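What follows is a set of notes on a single structure, which appears directly below.
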Amino acid sequence: MKKILVLASIIGLIVTIQAQEADSIFTIAHRGDSYYAPEHTFAAFDLGVKRKAEVIELDVRFTKDRKLVAFHDKTIDRTTNGKGYIKDKTLKQLKKLDAGSWFNKAYPTRTSKSFKGEKLRTLDEILARYKDKAKIYVEMKNPETNPGMVEEMYRSLKRNGMLSSTRLKRENIVIESFNESSLKKLKTLAPKLSMLYLVYSGDLDKLSDSKITSIRKYANHIAFDYRDVSAHKVSRFKKKGFIVSTYTVDKKADMIRMHQYGVNGIFTNRPSLHLKVRNTK
Ligand code: G3P
Ligand code: CA
């Protein structure tokens, strides 16, 4: 009888720990709440914050006049009413574009009149608007082919007070990249800034123990494609001291699986769905 009681309390303890771990999984609103609003616009980020995602995520690219703007694709064709490469346009030209109407055409069941006329936003605008409302993850897109991007990122963070010791300690800001040397460079400029190394889809198993140790020297976060992971793989990185996230998880069953694997954070275009999954556990 005593043995059964001890076993029951151990099982109870395990269930409680698992539940606590699941509760602490944070939601990263990928390009804002980009399922319900046009990605990278104030409409999408406002919605992500309204849903109470802990983190909003954005990509940044360089304009012709070397300003950092929130944008994913290399060209403006898919998500604006313009055409061409973003690197060939000045900020003034980009600011004239409509970055919202495409969404109403692409997703007729999720339209809103208010999306029409949404503007492209600079990193400065986004930091100023959201820095006290959510944590912000910023991914530098192709910094390896954009000399000066790392330095401009540093200047933008500084201008917006993101490098104060309180904000750094609270991880109000985390910088991401698939490119190691750019993260290392930024780390030398701002040694206390949190860095997230993004692992390309399919590359997770290529990382040797010594490579993982070398990444850990400059990055305290890491993220993988959710299709590449297992509980064992997540645990391997957590043991090395990484905060582990997976991208980009939009289906309920996959979210639940990621929770079971023990990830710390989930990049999702559907923050409201992930918050629901968290709350029903
Ligand atoms: O930042 C993680 C994930 O967003 C990387 O993929 O192409 O959506 O920026 P992508
Ligand atoms: Ca990204």
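Just so we're on the same page: first chain in the structure tokens is A, next is B, and so on; residues restart at 1 for each chain, and ligands are numbered from 1 in the order they show up.
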Legend entry - Contact residues around Tyr197 in chain A with only C-alpha atoms at 6 Å, ignoring same-chain residues under 3 positions, as a VMD selection string: chain A and resid 176 to 177 222
Could you report the residues within 10 Å of ligand 2, using only C-alpha atoms and all ligand atoms, as an MDAnalysis selection string?
-> chainID A and resid 30:31 57:60 71:72 137:141 176:178 198 247:248 267
**OP:** Using only C-alpha atoms, determine which residues lie at most 10 Å from Arg170 in chain A, disregarding the query and same-chain residues fewer than 4 positions distant; provide the list as a PyMOL selection string.
**Re:** chain A and resi 135+165-166+194
Near-Lys116 in chain A list (9 Å; only C-alpha atoms; drop same-chain fewer than 4 positions) as a PDB file with all heavy atoms, in the first residue's frame:
```pdb
ATOM      1  N   ASP A  98       0.783  50.473 -50.439  1.00  0.00           N
ATOM      2  CA  ASP A  98      -0.289  49.886 -49.622  1.00  0.00           C
ATOM      3  C   ASP A  98       0.153  48.467 -49.254  1.00  0.00           C
ATOM      4  O   ASP A  98       0.298  47.602 -50.124  1.00  0.00           O
ATOM      5  CB  ASP A  98      -1.570  49.873 -50.471  1.00  0.00           C
ATOM      6  CG  ASP A  98      -2.737  49.163 -49.789  1.00  0.00           C
ATOM      7  OD1 ASP A  98      -2.520  48.495 -48.763  1.00  0.00           O
ATOM      8  OD2 ASP A  98      -3.868  49.270 -50.320  1.00  0.00           O
ATOM      9  N   ALA A  99       0.376  48.238 -47.982  1.00  0.00           N
ATOM     10  CA  ALA A  99       0.879  46.920 -47.541  1.00  0.00           C
ATOM     11  C   ALA A  99      -0.227  46.078 -46.899  1.00  0.00           C
ATOM     12  O   ALA A  99       0.059  45.099 -46.199  1.00  0.00           O
ATOM     13  CB  ALA A  99       2.040  47.123 -46.564  1.00  0.00           C
ATOM     14  N   GLY A 100      -1.496  46.477 -47.148  1.00  0.00           N
ATOM     15  CA  GLY A 100      -2.593  45.762 -46.499  1.00  0.00           C
ATOM     16  C   GLY A 100      -3.623  45.148 -47.438  1.00  0.00           C
ATOM     17  O   GLY A 100      -4.187  44.095 -47.157  1.00  0.00           O
ATOM     18  N   SER A 101      -3.843  45.810 -48.595  1.00  0.00           N
ATOM     19  CA  SER A 101      -4.942  45.357 -49.472  1.00  0.00           C
ATOM     20  C   SER A 101      -4.726  43.947 -50.022  1.00  0.00           C
ATOM     21  O   SER A 101      -5.689  43.213 -50.261  1.00  0.00           O
ATOM     22  CB  SER A 101      -5.133  46.336 -50.640  1.00  0.00           C
ATOM     23  OG  SER A 101      -5.624  47.552 -50.131  1.00  0.00           O
ATOM     24  N   TRP A 102      -3.456  43.559 -50.250  1.00  0.00           N
ATOM     25  CA  TRP A 102      -3.163  42.215 -50.777  1.00  0.00           C
ATOM     26  C   TRP A 102      -3.807  41.145 -49.895  1.00  0.00           C
ATOM     27  O   TRP A 102      -4.264  40.111 -50.395  1.00  0.00           O
ATOM     28  CB  TRP A 102      -1.648  41.982 -50.840  1.00  0.00           C
ATOM     29  CG  TRP A 102      -1.017  41.843 -49.476  1.00  0.00           C
ATOM     30  CD1 TRP A 102      -0.567  42.852 -48.688  1.00  0.00           C
ATOM     31  CD2 TRP A 102      -0.825  40.636 -48.729  1.00  0.00           C
ATOM     32  NE1 TRP A 102      -0.114  42.363 -47.483  1.00  0.00           N
ATOM     33  CE2 TRP A 102      -0.254  40.993 -47.492  1.00  0.00           C
ATOM     34  CE3 TRP A 102      -1.084  39.290 -48.974  1.00  0.00           C
ATOM     35  CZ2 TRP A 102       0.068  40.055 -46.499  1.00  0.00           C
ATOM     36  CZ3 TRP A 102      -0.767  38.361 -47.989  1.00  0.00           C
ATOM     37  CH2 TRP A 102      -0.193  38.745 -46.774  1.00  0.00           C
ATOM     38  N   PHE A 103      -3.837  41.409 -48.573  1.00  0.00           N
ATOM     39  CA  PHE A 103      -4.342  40.413 -47.624  1.00  0.00           C
ATOM     40  C   PHE A 103      -5.835  40.158 -47.866  1.00  0.00           C
ATOM     41  O   PHE A 103      -6.294  39.011 -47.843  1.00  0.00           O
ATOM     42  CB  PHE A 103      -4.096  40.930 -46.199  1.00  0.00           C
ATOM     43  CG  PHE A 103      -4.451  39.942 -45.118  1.00  0.00           C
ATOM     44  CD1 PHE A 103      -3.509  39.056 -44.618  1.00  0.00           C
ATOM     45  CD2 PHE A 103      -5.732  39.906 -44.578  1.00  0.00           C
ATOM     46  CE1 PHE A 103      -3.828  38.142 -43.631  1.00  0.00           C
ATOM     47  CE2 PHE A 103      -6.071  39.001 -43.587  1.00  0.00           C
ATOM     48  CZ  PHE A 103      -5.114  38.114 -43.112  1.00  0.00           C
ATOM     49  N   ASN A 104      -6.577  41.256 -48.120  1.00  0.00           N
ATOM     50  CA  ASN A 104      -8.024  41.111 -48.362  1.00  0.00           C
ATOM     51  C   ASN A 104      -8.304  40.284 -49.614  1.00  0.00           C
ATOM     52  O   ASN A 104      -9.264  39.516 -49.653  1.00  0.00           O
ATOM     53  CB  ASN A 104      -8.675  42.492 -48.487  1.00  0.00           C
ATOM     54  CG  ASN A 104      -8.721  43.215 -47.141  1.00  0.00           C
ATOM     55  OD1 ASN A 104      -8.607  42.576 -46.093  1.00  0.00           O
ATOM     56  ND2 ASN A 104      -8.872  44.520 -47.171  1.00  0.00           N
ATOM     57  N   SER A 112     -10.617  42.898 -43.767  1.00  0.00           N
ATOM     58  CA  SER A 112     -11.076  44.049 -42.980  1.00  0.00           C
ATOM     59  C   SER A 112     -10.813  45.291 -43.820  1.00  0.00           C
ATOM     60  O   SER A 112      -9.724  45.416 -44.406  1.00  0.00           O
ATOM     61  CB  SER A 112     -10.317  44.129 -41.655  1.00  0.00           C
ATOM     62  OG  SER A 112     -10.522  45.401 -41.084  1.00  0.00           O
TER      63      SER A 112
END
```
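Here the question is which of A:Ser164, A:Val49, A:Asn142, A:Val249 gets nearest to Lys74 in chain A using only C-alpha atoms, and that residue is A:Asn142.
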Check your understanding: Neighbours of range 144-156 of chain A within 12 Å (only C-alpha atoms; same-chain residues fewer than 6 positions away dropped), as a PyMOL selection string?
Key -> chain A and resi 59-69+87+122-128+138+162-163+173-191+193
Atom pair CA of Thr79 in chain A / CA of Ala253 in chain A: separation (Å) =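 So the two atoms, CA of Thr79 in chain A and CA of Ala253 in chain A, lie 28.7 Å apart.
For the pair CA of Lys113 in chain A and CA of Ile76 in chain A, the interatomic distance is 21.1 Å.
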Fill in: Best match for closeness to ligand 1 among A:Arg159, A:Arg167, A:Lys211, A:His40, counting only C-alpha atoms and all ligand atoms
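Going through A:Arg159, A:Arg167, A:Lys211, A:His40 one by one, the smallest distance to ligand 1 is for A:His40.
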Where in range 22-266 of chain A does DSSP assign helix (DSSP H, G or I), given as a PyMOL selection string?
chain A and resi 22-23+42-50+86-88+91-95+101-106+108-110+113-115+123-130+143-145+149-159+165-169+180-189+204-206+209-216+226-228+231-239+252-261
Requested in this report: Check the DSSP output for the backbone and give back, as a PyMOL selection string, the residues of range 94-137 of chain A in strand (DSSP E or B).
Outcome: chain A and resi 122+135-137
